[in-house]
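Chemist: If you scroll down you'll find the structure; I have some questions about it.
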Amino acid sequence: MGMRCGLLIGAVLLLTILATFIAMRGFHIDLHSISLGALIIALGMLVDNAIVVADGVLVGIQKGRDPFRSSEDIVGQTQWPLLGATIIAVLAFAPIGLSPDSTGEYCRSLFQVVGISLLLSWVLAVTITPLAGAHFLKVAPMQEGEELYGSLLYRLYRKFLETCLAKRLLTLAVLAGLLVTGIIGFGMVDKSFFPSASSPMFTIEFRRPKGAFINETLEDVRKFETFLREQPETKSVTSFVGEGALRFLLTFTAGDPGDEYGSFVVGTENAEETDSLMKKVEDFAARDLPYLDPRVRPFGKGTGSGAKIQVRFSGEDPLVLRSLADQATALYRAAGAVNIRSDWGERVKVIRPVLDEVRARQAGLTRKDIAEALELSFSGATAGLYREKDKLLPIVARFPETERADAGTLPEVQAWSPSLQRYLLLSQVVRRFDTVAEDSVIYRRNRMRTVTTECDAADGLAGPLFTRVRSSVENLPLPLGYSMEWGGEYESSGKAQGGLLRMIPLAFAAMALILVVLFNALRQPAIILLCLPLSVIGMTAGLLLLRKPFDFLALLGFLSLAGMLIKNAIVLIDQVDLEIREGRDPYEAIVDSALSRARPVLMAALTTVLGMVPLYFDVLFSSMAVTIMFGLTFATGLTLVVVPVLYALFFRIHPAPEGKGVPG
């Protein structure tokens, strides 16, 4: 297209981005990872309209027309088709923007920024671009007898297209075979929800047995700290005892507080050192602290937090629930999972006094009196508050540590009898002290006792691990009155996709309506919509070739491909209809329109693909970038063949008899 045309399109792109920043400020949209990613996604799409207009001005000048007249003609021909195509491209992102799920809220700025920038690009494409093009674009008119599309690439494309048109059924059969292959191959692509973050940070969490003293937990924390500070990869260590850090990140949630709980936030120089240090921590804990089961986990991206794979069992009997949880954890271990645990934890030993009801009544003691005596002796009772500036510190009365550290002193604990007006030993009113195991914590969900077992994949990809354990966990025999449901990434992904899928029919209905309004017909929209599945071929090839999972943002990328492909097809079909209305032979109109629109369509696709390259190196947008790059590349190339073939098939157009029509 030349240096001048490239500079013009680049200037329009810069103006569009600047206008987008102004609009973002007006709509109170902050610049963060999602909105910045949306700008990069839109970067390649923003020049599509300008390319079509600038190419039309160039072609008009090459044909010898006045630059201003050429600009007016191309804007008059393309402004409404380009507006419809732009709105359709925006609607492709609408499902995520309108989704009521938390993931929709997380990704909403993606829809907002893309929508604002694309609509602004259309405004500038039909105002600034033709005006600047008429003044700035300079190209020599064609000489007499010179063909506008006579270069080698155009001649090869024309010959290939005419061959496909001549063998249209065979062409469609081959494409159908490629599409079926792509759909089958997609079954081999790993599935995911949101990837782990690439930030050089990770967390360590552990729990000692319930009832452990906080001093013992502190000692273990110091051992971890000492080890971490000796490692060359460690940049920073922040430790917490008894409770976790405040929620400084959307995907981070600290564990429940308790004397047995310890956690760390560890920083390194880069992601590679993070992986190395995490492996060292796991080896250190297994070697030097075997009584602990630390959970070493990188930070995640997106909206989910906690373990990737979770299963919940609900019912009445805690023993039955624990049995089901133990069976599930055994299946996790057999599948090679890591960070396996249950939210109920292990049962703990407690000493339970068996009260002699007769003696207690004779002594005037109640269960409450005995419980208060035990609390005062061991846990301590709050006797008052001590104020130090703006802090209120509790004053706790309890026995010295030497007297409350030995369970053998339990019979000697004294309880005050109001009726006898003297202290009595517990051994006088208690038959015996039993040591029993009980659940330290019981969680409920929908008012039902519920135990949750969780695990993570060693390689970070939860999809393959979930596939391995799903059938075996679901086949566990459940007693009557007990239920099982999946949580974790499966549940979050299901909710997010459910919110998305509820919006997709509305978005595609709006797209179809716009297409019908644009063409005032049904066959042209049908041709365009039939081209949409072609992106599956390239998307599957790209994800398998680069070994990327199909995550939630890749799903958004796949949906956005519909808008991009519809936009390209509209430009091509509108040109075919225009030339037929001007009296051209229909067959020659199809071929010449494909030739004339090949350059802007390919340039628009190329700029979009190049705009995706920076996102490939971002862990959050990597799969989305691969989906768009490969899907758009394959589908655009195939669209330049499929759209003309389907148009000729739907309208029953064949080459004119020899000697008639416009010669090729």
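Chain labels A, B, ... are given in the sequence in which chains occur in the structure tokens; within each chain residues are numbered consecutively from 1, and ligands are likewise numbered from 1 in the order shown.
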Which residues come within 7 Å of region 273-286 of chain A, counting only C-alpha atoms, excluding same-chain residues fewer than 2 positions away, as JSON, numbers by chain?

Modeler: {"A": [200, 201, 233, 268, 269, 270, 271, 288, 289, 290, 296]}

Chemist: Suppose we keep all heavy atoms; can you now write the selection as an mmCIF file, in the first residue's frame?

Modeler:
```cif
data_model
loop_
_atom_site.group_PDB
_atom_site.id
_atom_site.type_symbol
_atom_site.label_atom_id
_atom_site.label_comp_id
_atom_site.auth_asym_id
_atom_site.auth_seq_id
_atom_site.Cartn_x
_atom_site.Cartn_y
_atom_site.Cartn_z
ATOM 1 N N PRO A 200 6.700 -13.153 40.489
ATOM 2 C CA PRO A 200 7.732 -13.863 41.268
ATOM 3 C C PRO A 200 7.379 -13.933 42.750
ATOM 4 O O PRO A 200 8.118 -13.459 43.601
ATOM 5 C CB PRO A 200 8.978 -13.001 41.016
ATOM 6 C CG PRO A 200 8.437 -11.628 40.810
ATOM 7 C CD PRO A 200 7.124 -11.796 40.120
ATOM 8 N N MET A 201 6.257 -14.530 43.062
ATOM 9 C CA MET A 201 5.808 -14.665 44.443
ATOM 10 C C MET A 201 5.044 -15.978 44.591
ATOM 11 O O MET A 201 4.451 -16.459 43.628
ATOM 12 C CB MET A 201 4.899 -13.492 44.854
ATOM 13 C CG MET A 201 5.532 -12.124 44.817
ATOM 14 S SD MET A 201 4.322 -10.816 45.156
ATOM 15 C CE MET A 201 3.877 -11.187 46.838
ATOM 16 N N GLU A 233 17.673 -17.777 45.823
ATOM 17 C CA GLU A 233 16.525 -17.286 45.045
ATOM 18 C C GLU A 233 15.616 -16.346 45.848
ATOM 19 O O GLU A 233 14.844 -15.591 45.273
ATOM 20 C CB GLU A 233 15.666 -18.455 44.547
ATOM 21 C CG GLU A 233 16.382 -19.428 43.634
ATOM 22 C CD GLU A 233 16.977 -20.581 44.413
ATOM 23 O OE1 GLU A 233 17.136 -20.443 45.650
ATOM 24 O OE2 GLU A 233 17.276 -21.622 43.804
ATOM 25 N N THR A 268 10.628 -13.694 44.956
ATOM 26 C CA THR A 268 11.872 -14.043 44.267
ATOM 27 C C THR A 268 12.136 -13.002 43.178
ATOM 28 O O THR A 268 11.376 -12.053 43.002
ATOM 29 C CB THR A 268 11.794 -15.448 43.651
ATOM 30 O OG1 THR A 268 10.725 -15.473 42.686
ATOM 31 C CG2 THR A 268 11.521 -16.503 44.708
ATOM 32 N N GLU A 269 13.206 -13.200 42.421
ATOM 33 C CA GLU A 269 13.558 -12.249 41.365
ATOM 34 C C GLU A 269 12.720 -12.449 40.108
ATOM 35 O O GLU A 269 12.357 -11.497 39.431
ATOM 36 C CB GLU A 269 15.046 -12.375 41.017
ATOM 37 C CG GLU A 269 15.984 -11.905 42.117
ATOM 38 C CD GLU A 269 15.918 -10.396 42.340
ATOM 39 O OE1 GLU A 269 15.414 -9.694 41.443
ATOM 40 O OE2 GLU A 269 16.349 -9.933 43.401
ATOM 41 N N ASN A 270 12.410 -13.694 39.762
ATOM 42 C CA ASN A 270 11.662 -13.963 38.533
ATOM 43 C C ASN A 270 10.896 -15.272 38.681
ATOM 44 O O ASN A 270 11.053 -16.002 39.672
ATOM 45 C CB ASN A 270 12.589 -14.002 37.310
ATOM 46 C CG ASN A 270 13.768 -14.946 37.508
ATOM 47 O OD1 ASN A 270 13.583 -16.139 37.740
ATOM 48 N ND2 ASN A 270 14.981 -14.404 37.429
ATOM 49 N N ALA A 271 10.059 -15.568 37.675
ATOM 50 C CA ALA A 271 9.191 -16.746 37.743
ATOM 51 C C ALA A 271 9.991 -18.043 37.747
ATOM 52 O O ALA A 271 9.595 -19.023 38.389
ATOM 53 C CB ALA A 271 8.214 -16.735 36.565
ATOM 54 N N ASP A 288 12.939 -32.304 56.737
ATOM 55 C CA ASP A 288 13.211 -31.794 58.078
ATOM 56 C C ASP A 288 11.955 -31.570 58.917
ATOM 57 O O ASP A 288 12.050 -31.477 60.143
ATOM 58 C CB ASP A 288 13.977 -30.470 57.992
ATOM 59 C CG ASP A 288 15.374 -30.650 57.412
ATOM 60 O OD1 ASP A 288 15.736 -31.801 57.094
ATOM 61 O OD2 ASP A 288 16.095 -29.647 57.262
ATOM 62 N N LEU A 289 10.795 -31.452 58.267
ATOM 63 C CA LEU A 289 9.551 -31.233 59.012
ATOM 64 C C LEU A 289 8.491 -32.211 58.518
ATOM 65 O O LEU A 289 7.439 -31.814 58.006
ATOM 66 C CB LEU A 289 9.071 -29.790 58.825
ATOM 67 C CG LEU A 289 10.038 -28.684 59.267
ATOM 68 C CD1 LEU A 289 9.536 -27.322 58.808
ATOM 69 C CD2 LEU A 289 10.214 -28.698 60.781
ATOM 70 N N PRO A 290 8.738 -33.504 58.676
ATOM 71 C CA PRO A 290 7.800 -34.501 58.107
ATOM 72 C C PRO A 290 6.432 -34.502 58.768
ATOM 73 O O PRO A 290 5.468 -35.019 58.190
ATOM 74 C CB PRO A 290 8.528 -35.831 58.332
ATOM 75 C CG PRO A 290 9.425 -35.570 59.502
ATOM 76 C CD PRO A 290 9.857 -34.136 59.384
ATOM 77 N N VAL A 296 2.324 -25.425 49.206
ATOM 78 C CA VAL A 296 3.162 -24.460 48.498
ATOM 79 C C VAL A 296 2.484 -24.172 47.167
ATOM 80 O O VAL A 296 2.307 -25.072 46.343
ATOM 81 C CB VAL A 296 4.584 -25.011 48.272
ATOM 82 C CG1 VAL A 296 5.484 -23.949 47.638
ATOM 83 C CG2 VAL A 296 5.179 -25.504 49.586
#
```

Chemist: From a DSSP pass on the backbone, collect the residues of region 211-328 of chain A flagged as alpha helix (DSSP H) and hand them back as a PDB file with N, CA and C atoms, in the first residue's frame.

Modeler:
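Now in part.pdb:
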```pdb
ATOM      1  N   ILE A 214       0.694 -22.052  70.201  1.00  0.00           N
ATOM      2  CA  ILE A 214       1.182 -21.123  69.194  1.00  0.00           C
ATOM      3  C   ILE A 214       2.703 -21.011  69.223  1.00  0.00           C
ATOM      4  N   ASN A 215       3.310 -21.277  70.394  1.00  0.00           N
ATOM      5  CA  ASN A 215       4.770 -21.242  70.479  1.00  0.00           C
ATOM      6  C   ASN A 215       5.396 -22.339  69.613  1.00  0.00           C
ATOM      7  N   GLU A 216       4.740 -23.501  69.549  1.00  0.00           N
ATOM      8  CA  GLU A 216       5.234 -24.575  68.693  1.00  0.00           C
ATOM      9  C   GLU A 216       5.110 -24.184  67.222  1.00  0.00           C
ATOM     10  N   THR A 217       3.982 -23.546  66.867  1.00  0.00           N
ATOM     11  CA  THR A 217       3.816 -23.072  65.491  1.00  0.00           C
ATOM     12  C   THR A 217       4.875 -22.039  65.152  1.00  0.00           C
ATOM     13  N   LEU A 218       5.152 -21.137  66.076  1.00  0.00           N
ATOM     14  CA  LEU A 218       6.163 -20.109  65.856  1.00  0.00           C
ATOM     15  C   LEU A 218       7.531 -20.731  65.621  1.00  0.00           C
ATOM     16  N   GLU A 219       7.833 -21.802  66.329  1.00  0.00           N
ATOM     17  CA  GLU A 219       9.129 -22.472  66.142  1.00  0.00           C
ATOM     18  C   GLU A 219       9.247 -23.049  64.732  1.00  0.00           C
ATOM     19  N   ASP A 220       8.180 -23.634  64.233  1.00  0.00           N
ATOM     20  CA  ASP A 220       8.207 -24.159  62.862  1.00  0.00           C
ATOM     21  C   ASP A 220       8.336 -23.029  61.841  1.00  0.00           C
ATOM     22  N   VAL A 221       7.664 -21.920  62.114  1.00  0.00           N
ATOM     23  CA  VAL A 221       7.774 -20.771  61.214  1.00  0.00           C
ATOM     24  C   VAL A 221       9.216 -20.287  61.156  1.00  0.00           C
ATOM     25  N   ARG A 222       9.890 -20.252  62.288  1.00  0.00           N
ATOM     26  CA  ARG A 222      11.291 -19.808  62.316  1.00  0.00           C
ATOM     27  C   ARG A 222      12.192 -20.760  61.538  1.00  0.00           C
ATOM     28  N   LYS A 223      11.893 -22.046  61.587  1.00  0.00           N
ATOM     29  CA  LYS A 223      12.689 -23.003  60.809  1.00  0.00           C
ATOM     30  C   LYS A 223      12.523 -22.751  59.311  1.00  0.00           C
ATOM     31  N   PHE A 224      11.274 -22.520  58.896  1.00  0.00           N
ATOM     32  CA  PHE A 224      11.041 -22.190  57.484  1.00  0.00           C
ATOM     33  C   PHE A 224      11.763 -20.898  57.100  1.00  0.00           C
ATOM     34  N   GLU A 225      11.664 -19.887  57.971  1.00  0.00           N
ATOM     35  CA  GLU A 225      12.296 -18.606  57.677  1.00  0.00           C
ATOM     36  C   GLU A 225      13.801 -18.759  57.514  1.00  0.00           C
ATOM     37  N   THR A 226      14.406 -19.496  58.424  1.00  0.00           N
ATOM     38  CA  THR A 226      15.855 -19.696  58.357  1.00  0.00           C
ATOM     39  C   THR A 226      16.244 -20.364  57.048  1.00  0.00           C
ATOM     40  N   PHE A 227      15.505 -21.391  56.660  1.00  0.00           N
ATOM     41  CA  PHE A 227      15.806 -22.086  55.404  1.00  0.00           C
ATOM     42  C   PHE A 227      15.622 -21.159  54.203  1.00  0.00           C
ATOM     43  N   LEU A 228      14.522 -20.413  54.178  1.00  0.00           N
ATOM     44  CA  LEU A 228      14.237 -19.546  53.033  1.00  0.00           C
ATOM     45  C   LEU A 228      15.291 -18.453  52.879  1.00  0.00           C
ATOM     46  N   ARG A 229      15.738 -17.868  53.993  1.00  0.00           N
ATOM     47  CA  ARG A 229      16.703 -16.777  53.899  1.00  0.00           C
ATOM     48  C   ARG A 229      18.086 -17.265  53.481  1.00  0.00           C
ATOM     49  N   GLU A 230      18.319 -18.559  53.611  1.00  0.00           N
ATOM     50  CA  GLU A 230      19.605 -19.117  53.167  1.00  0.00           C
ATOM     51  C   GLU A 230      19.639 -19.413  51.673  1.00  0.00           C
ATOM     52  N   ALA A 271      10.059 -15.568  37.675  1.00  0.00           N
ATOM     53  CA  ALA A 271       9.191 -16.746  37.743  1.00  0.00           C
ATOM     54  C   ALA A 271       9.991 -18.043  37.747  1.00  0.00           C
ATOM     55  N   GLU A 272      11.123 -18.075  37.031  1.00  0.00           N
ATOM     56  CA  GLU A 272      11.938 -19.297  36.992  1.00  0.00           C
ATOM     57  C   GLU A 272      12.478 -19.621  38.378  1.00  0.00           C
ATOM     58  N   GLU A 273      12.948 -18.595  39.097  1.00  0.00           N
ATOM     59  CA  GLU A 273      13.445 -18.828  40.450  1.00  0.00           C
ATOM     60  C   GLU A 273      12.310 -19.221  41.392  1.00  0.00           C
ATOM     61  N   THR A 274      11.102 -18.747  41.127  1.00  0.00           N
ATOM     62  CA  THR A 274       9.954 -19.134  41.948  1.00  0.00           C
ATOM     63  C   THR A 274       9.735 -20.636  41.888  1.00  0.00           C
ATOM     64  N   ASP A 275       9.744 -21.208  40.679  1.00  0.00           N
ATOM     65  CA  ASP A 275       9.546 -22.655  40.535  1.00  0.00           C
ATOM     66  C   ASP A 275      10.644 -23.433  41.246  1.00  0.00           C
ATOM     67  N   SER A 276      11.884 -22.966  41.113  1.00  0.00           N
ATOM     68  CA  SER A 276      13.006 -23.653  41.752  1.00  0.00           C
ATOM     69  C   SER A 276      12.889 -23.613  43.269  1.00  0.00           C
ATOM     70  N   LEU A 277      12.558 -22.441  43.813  1.00  0.00           N
ATOM     71  CA  LEU A 277      12.464 -22.308  45.267  1.00  0.00           C
ATOM     72  C   LEU A 277      11.280 -23.090  45.824  1.00  0.00           C
ATOM     73  N   MET A 278      10.165 -23.132  45.096  1.00  0.00           N
ATOM     74  CA  MET A 278       9.019 -23.914  45.557  1.00  0.00           C
ATOM     75  C   MET A 278       9.389 -25.380  45.690  1.00  0.00           C
ATOM     76  N   LYS A 279      10.154 -25.915  44.741  1.00  0.00           N
ATOM     77  CA  LYS A 279      10.588 -27.318  44.810  1.00  0.00           C
ATOM     78  C   LYS A 279      11.510 -27.534  46.011  1.00  0.00           C
ATOM     79  N   LYS A 280      12.395 -26.582  46.281  1.00  0.00           N
ATOM     80  CA  LYS A 280      13.290 -26.704  47.432  1.00  0.00           C
ATOM     81  C   LYS A 280      12.500 -26.704  48.741  1.00  0.00           C
ATOM     82  N   VAL A 281      11.473 -25.859  48.828  1.00  0.00           N
ATOM     83  CA  VAL A 281      10.656 -25.796  50.043  1.00  0.00           C
ATOM     84  C   VAL A 281       9.951 -27.124  50.282  1.00  0.00           C
ATOM     85  N   GLU A 282       9.399 -27.708  49.238  1.00  0.00           N
ATOM     86  CA  GLU A 282       8.718 -28.991  49.375  1.00  0.00           C
ATOM     87  C   GLU A 282       9.686 -30.076  49.842  1.00  0.00           C
ATOM     88  N   ASP A 283      10.898 -30.102  49.271  1.00  0.00           N
ATOM     89  CA  ASP A 283      11.894 -31.094  49.686  1.00  0.00           C
ATOM     90  C   ASP A 283      12.331 -30.863  51.130  1.00  0.00           C
ATOM     91  N   PHE A 284      12.519 -29.604  51.523  1.00  0.00           N
ATOM     92  CA  PHE A 284      12.926 -29.284  52.891  1.00  0.00           C
ATOM     93  C   PHE A 284      11.874 -29.741  53.900  1.00  0.00           C
ATOM     94  N   ALA A 285      10.609 -29.464  53.599  1.00  0.00           N
ATOM     95  CA  ALA A 285       9.541 -29.850  54.526  1.00  0.00           C
ATOM     96  C   ALA A 285       9.446 -31.363  54.659  1.00  0.00           C
ATOM     97  N   ALA A 286       9.586 -32.068  53.549  1.00  0.00           N
ATOM     98  CA  ALA A 286       9.503 -33.535  53.606  1.00  0.00           C
ATOM     99  C   ALA A 286      10.680 -34.129  54.375  1.00  0.00           C
ATOM    100  N   ARG A 287      11.829 -33.461  54.323  1.00  0.00           N
ATOM    101  CA  ARG A 287      13.042 -34.001  54.958  1.00  0.00           C
ATOM    102  C   ARG A 287      13.151 -33.598  56.436  1.00  0.00           C
ATOM    103  N   ASP A 288      12.939 -32.304  56.737  1.00  0.00           N
ATOM    104  CA  ASP A 288      13.211 -31.794  58.078  1.00  0.00           C
ATOM    105  C   ASP A 288      11.955 -31.570  58.917  1.00  0.00           C
ATOM    106  N   PRO A 318     -20.861 -37.263  60.687  1.00  0.00           N
ATOM    107  CA  PRO A 318     -19.482 -36.848  60.417  1.00  0.00           C
ATOM    108  C   PRO A 318     -18.552 -38.013  60.089  1.00  0.00           C
ATOM    109  N   LEU A 319     -18.786 -39.179  60.700  1.00  0.00           N
ATOM    110  CA  LEU A 319     -17.917 -40.326  60.434  1.00  0.00           C
ATOM    111  C   LEU A 319     -18.070 -40.804  58.989  1.00  0.00           C
ATOM    112  N   VAL A 320     -19.295 -40.812  58.488  1.00  0.00           N
ATOM    113  CA  VAL A 320     -19.515 -41.204  57.093  1.00  0.00           C
ATOM    114  C   VAL A 320     -18.886 -40.184  56.150  1.00  0.00           C
ATOM    115  N   LEU A 321     -19.032 -38.922  56.472  1.00  0.00           N
ATOM    116  CA  LEU A 321     -18.435 -37.878  55.631  1.00  0.00           C
ATOM    117  C   LEU A 321     -16.914 -38.002  55.608  1.00  0.00           C
ATOM    118  N   ARG A 322     -16.323 -38.289  56.764  1.00  0.00           N
ATOM    119  CA  ARG A 322     -14.866 -38.466  56.802  1.00  0.00           C
ATOM    120  C   ARG A 322     -14.440 -39.675  55.981  1.00  0.00           C
ATOM    121  N   SER A 323     -15.226 -40.719  56.014  1.00  0.00           N
ATOM    122  CA  SER A 323     -14.897 -41.908  55.221  1.00  0.00           C
ATOM    123  C   SER A 323     -14.915 -41.583  53.730  1.00  0.00           C
ATOM    124  N   LEU A 324     -15.918 -40.834  53.295  1.00  0.00           N
ATOM    125  CA  LEU A 324     -15.986 -40.438  51.887  1.00  0.00           C
ATOM    126  C   LEU A 324     -14.818 -39.532  51.521  1.00  0.00           C
ATOM    127  N   ALA A 325     -14.472 -38.613  52.429  1.00  0.00           N
ATOM    128  CA  ALA A 325     -13.349 -37.714  52.165  1.00  0.00           C
ATOM    129  C   ALA A 325     -12.041 -38.485  52.066  1.00  0.00           C
ATOM    130  N   ASP A 326     -11.863 -39.485  52.936  1.00  0.00           N
ATOM    131  CA  ASP A 326     -10.635 -40.297  52.889  1.00  0.00           C
ATOM    132  C   ASP A 326     -10.542 -41.075  51.578  1.00  0.00           C
ATOM    133  N   GLN A 327     -11.656 -41.579  51.095  1.00  0.00           N
ATOM    134  CA  GLN A 327     -11.638 -42.297  49.818  1.00  0.00           C
ATOM    135  C   GLN A 327     -11.271 -41.356  48.663  1.00  0.00           C
ATOM    136  N   ALA A 328     -11.789 -40.131  48.721  1.00  0.00           N
ATOM    137  CA  ALA A 328     -11.475 -39.160  47.668  1.00  0.00           C
ATOM    138  C   ALA A 328      -9.995 -38.781  47.696  1.00  0.00           C
TER     139      ALA A 328
END
```

Chemist: What's around Glu162 (chain A) at 12 Å? Count only C-alpha atoms, leave out sequence neighbours fewer than 5 positions away in its own chain, and write the answer as a list in words.

Modeler: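 Residues near the query, excluding close chain neighbours: Arg155, Leu156, Tyr157, Lys167, Arg168, Thr171, Tyr587, Glu588, Ile590, Val591, Asp592, Ala594, Leu595, Leu640, Val641, Val642, Pro644, Val645, Ala648, His654, Pro655 and Gly664 of chain A.
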
Chemist: Could you give me the residues within region 235-360 of chain A that DSSP places in strand (DSSP E or B), as a PyMOL selection string?

Modeler: chain A and resi 235-241+261-268+295-298+300+309-315+338-342+348-355

Chemist: Find the spatial neighbours of region 243-245 of chain A, counting only C-alpha atoms, within a cut-off of 7 Å - ignore same-chain residues fewer than 6 positions away - and output them as a PyMOL selection string.

Modeler: chain A and resi 254-258+261-263

Chemist: Taking C-alpha atoms for each residue, export the selection above as an mmCIF file, in the first residue's frame.

Modeler:
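Wrote it out as selection05.cif, contents follow:
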```cif
data_model
loop_
_atom_site.group_PDB
_atom_site.id
_atom_site.type_symbol
_atom_site.label_atom_id
_atom_site.label_comp_id
_atom_site.auth_asym_id
_atom_site.auth_seq_id
_atom_site.Cartn_x
_atom_site.Cartn_y
_atom_site.Cartn_z
ATOM 1 C CA ALA A 254 -5.726 -16.636 53.822
ATOM 2 C CA GLY A 255 -6.636 -19.700 55.856
ATOM 3 C CA ASP A 256 -8.825 -19.635 58.948
ATOM 4 C CA PRO A 257 -6.974 -18.243 61.993
ATOM 5 C CA GLY A 258 -5.809 -20.550 64.750
ATOM 6 C CA TYR A 261 -1.736 -21.992 61.546
ATOM 7 C CA GLY A 262 1.365 -20.523 59.911
ATOM 8 C CA SER A 263 1.859 -18.921 56.518
#
```

Chemist: Fewer than 2 positions away in the same chain doesn't count, so skip those; otherwise give me all residues within 12 Å of Tyr154 (chain A), counting only C-alpha atoms, as a ChimeraX atom specification.

Modeler: /A:147-152,156-161,591-592,594-599

Chemist: Write out the residues from the selection above, keeping N, CA, C and O atoms, as an mmCIF file, in the first residue's frame.

Modeler:
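out.cif, freshly written:
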```
data_model
loop_
_atom_site.group_PDB
_atom_site.id
_atom_site.type_symbol
_atom_site.label_atom_id
_atom_site.label_comp_id
_atom_site.auth_asym_id
_atom_site.auth_seq_id
_atom_site.Cartn_x
_atom_site.Cartn_y
_atom_site.Cartn_z
ATOM 1 N N GLU A 147 -3.031 -3.833 -16.044
ATOM 2 C CA GLU A 147 -4.029 -4.464 -15.188
ATOM 3 C C GLU A 147 -3.802 -4.058 -13.741
ATOM 4 O O GLU A 147 -2.666 -4.052 -13.250
ATOM 5 N N LEU A 148 -4.928 -3.713 -13.075
ATOM 6 C CA LEU A 148 -4.837 -3.306 -11.680
ATOM 7 C C LEU A 148 -4.385 -4.455 -10.788
ATOM 8 O O LEU A 148 -3.637 -4.270 -9.833
ATOM 9 N N TYR A 149 -4.840 -5.658 -11.103
ATOM 10 C CA TYR A 149 -4.491 -6.837 -10.305
ATOM 11 C C TYR A 149 -3.716 -7.822 -11.172
ATOM 12 O O TYR A 149 -4.099 -8.983 -11.321
ATOM 13 N N GLY A 150 -2.639 -7.339 -11.738
ATOM 14 C CA GLY A 150 -1.881 -8.171 -12.662
ATOM 15 C C GLY A 150 -0.596 -8.729 -12.101
ATOM 16 O O GLY A 150 0.165 -9.377 -12.826
ATOM 17 N N SER A 151 -0.337 -8.500 -10.795
ATOM 18 C CA SER A 151 0.900 -9.036 -10.212
ATOM 19 C C SER A 151 0.816 -10.550 -10.089
ATOM 20 O O SER A 151 -0.258 -11.155 -10.227
ATOM 21 N N LEU A 152 1.966 -11.158 -9.816
ATOM 22 C CA LEU A 152 2.040 -12.621 -9.756
ATOM 23 C C LEU A 152 1.105 -13.191 -8.689
ATOM 24 O O LEU A 152 0.406 -14.170 -8.926
ATOM 25 N N LEU A 156 -2.017 -15.755 -9.330
ATOM 26 C CA LEU A 156 -2.098 -17.077 -8.699
ATOM 27 C C LEU A 156 -3.394 -17.222 -7.906
ATOM 28 O O LEU A 156 -4.052 -18.273 -7.953
ATOM 29 N N TYR A 157 -3.757 -16.166 -7.155
ATOM 30 C CA TYR A 157 -4.997 -16.218 -6.378
ATOM 31 C C TYR A 157 -6.207 -16.342 -7.306
ATOM 32 O O TYR A 157 -7.130 -17.117 -7.042
ATOM 33 N N ARG A 158 -6.196 -15.605 -8.425
ATOM 34 C CA ARG A 158 -7.319 -15.670 -9.363
ATOM 35 C C ARG A 158 -7.468 -17.068 -9.940
ATOM 36 O O ARG A 158 -8.579 -17.611 -10.020
ATOM 37 N N LYS A 159 -6.341 -17.671 -10.307
ATOM 38 C CA LYS A 159 -6.396 -19.008 -10.897
ATOM 39 C C LYS A 159 -6.910 -20.030 -9.882
ATOM 40 O O LYS A 159 -7.731 -20.898 -10.198
ATOM 41 N N PHE A 160 -6.405 -19.912 -8.640
ATOM 42 C CA PHE A 160 -6.840 -20.847 -7.592
ATOM 43 C C PHE A 160 -8.329 -20.661 -7.293
ATOM 44 O O PHE A 160 -9.070 -21.640 -7.134
ATOM 45 N N LEU A 161 -8.788 -19.406 -7.228
ATOM 46 C CA LEU A 161 -10.188 -19.135 -6.941
ATOM 47 C C LEU A 161 -11.096 -19.662 -8.049
ATOM 48 O O LEU A 161 -12.149 -20.260 -7.775
ATOM 49 N N VAL A 591 -15.309 -12.842 -8.851
ATOM 50 C CA VAL A 591 -13.855 -12.981 -8.950
ATOM 51 C C VAL A 591 -13.177 -11.635 -8.728
ATOM 52 O O VAL A 591 -12.211 -11.514 -7.951
ATOM 53 N N ASP A 592 -13.653 -10.588 -9.400
ATOM 54 C CA ASP A 592 -13.010 -9.283 -9.282
ATOM 55 C C ASP A 592 -13.178 -8.693 -7.886
ATOM 56 O O ASP A 592 -12.269 -8.029 -7.369
ATOM 57 N N ALA A 594 -13.384 -10.430 -5.107
ATOM 58 C CA ALA A 594 -12.438 -11.154 -4.254
ATOM 59 C C ALA A 594 -11.027 -10.609 -4.433
ATOM 60 O O ALA A 594 -10.274 -10.442 -3.457
ATOM 61 N N LEU A 595 -10.663 -10.301 -5.683
ATOM 62 C CA LEU A 595 -9.330 -9.739 -5.941
ATOM 63 C C LEU A 595 -9.196 -8.346 -5.329
ATOM 64 O O LEU A 595 -8.165 -8.017 -4.719
ATOM 65 N N SER A 596 -10.240 -7.519 -5.484
ATOM 66 C CA SER A 596 -10.143 -6.143 -5.003
ATOM 67 C C SER A 596 -10.162 -6.056 -3.480
ATOM 68 O O SER A 596 -9.576 -5.132 -2.904
ATOM 69 N N ARG A 597 -10.822 -6.993 -2.823
ATOM 70 C CA ARG A 597 -10.908 -6.951 -1.367
ATOM 71 C C ARG A 597 -9.885 -7.848 -0.684
ATOM 72 O O ARG A 597 -9.806 -7.868 0.548
ATOM 73 N N ALA A 598 -9.094 -8.567 -1.456
ATOM 74 C CA ALA A 598 -8.102 -9.460 -0.848
ATOM 75 C C ALA A 598 -7.078 -8.669 -0.044
ATOM 76 O O ALA A 598 -6.724 -9.046 1.083
ATOM 77 N N ARG A 599 -6.598 -7.552 -0.613
ATOM 78 C CA ARG A 599 -5.568 -6.772 0.086
ATOM 79 C C ARG A 599 -6.082 -6.172 1.393
ATOM 80 O O ARG A 599 -5.446 -6.372 2.440
#
```
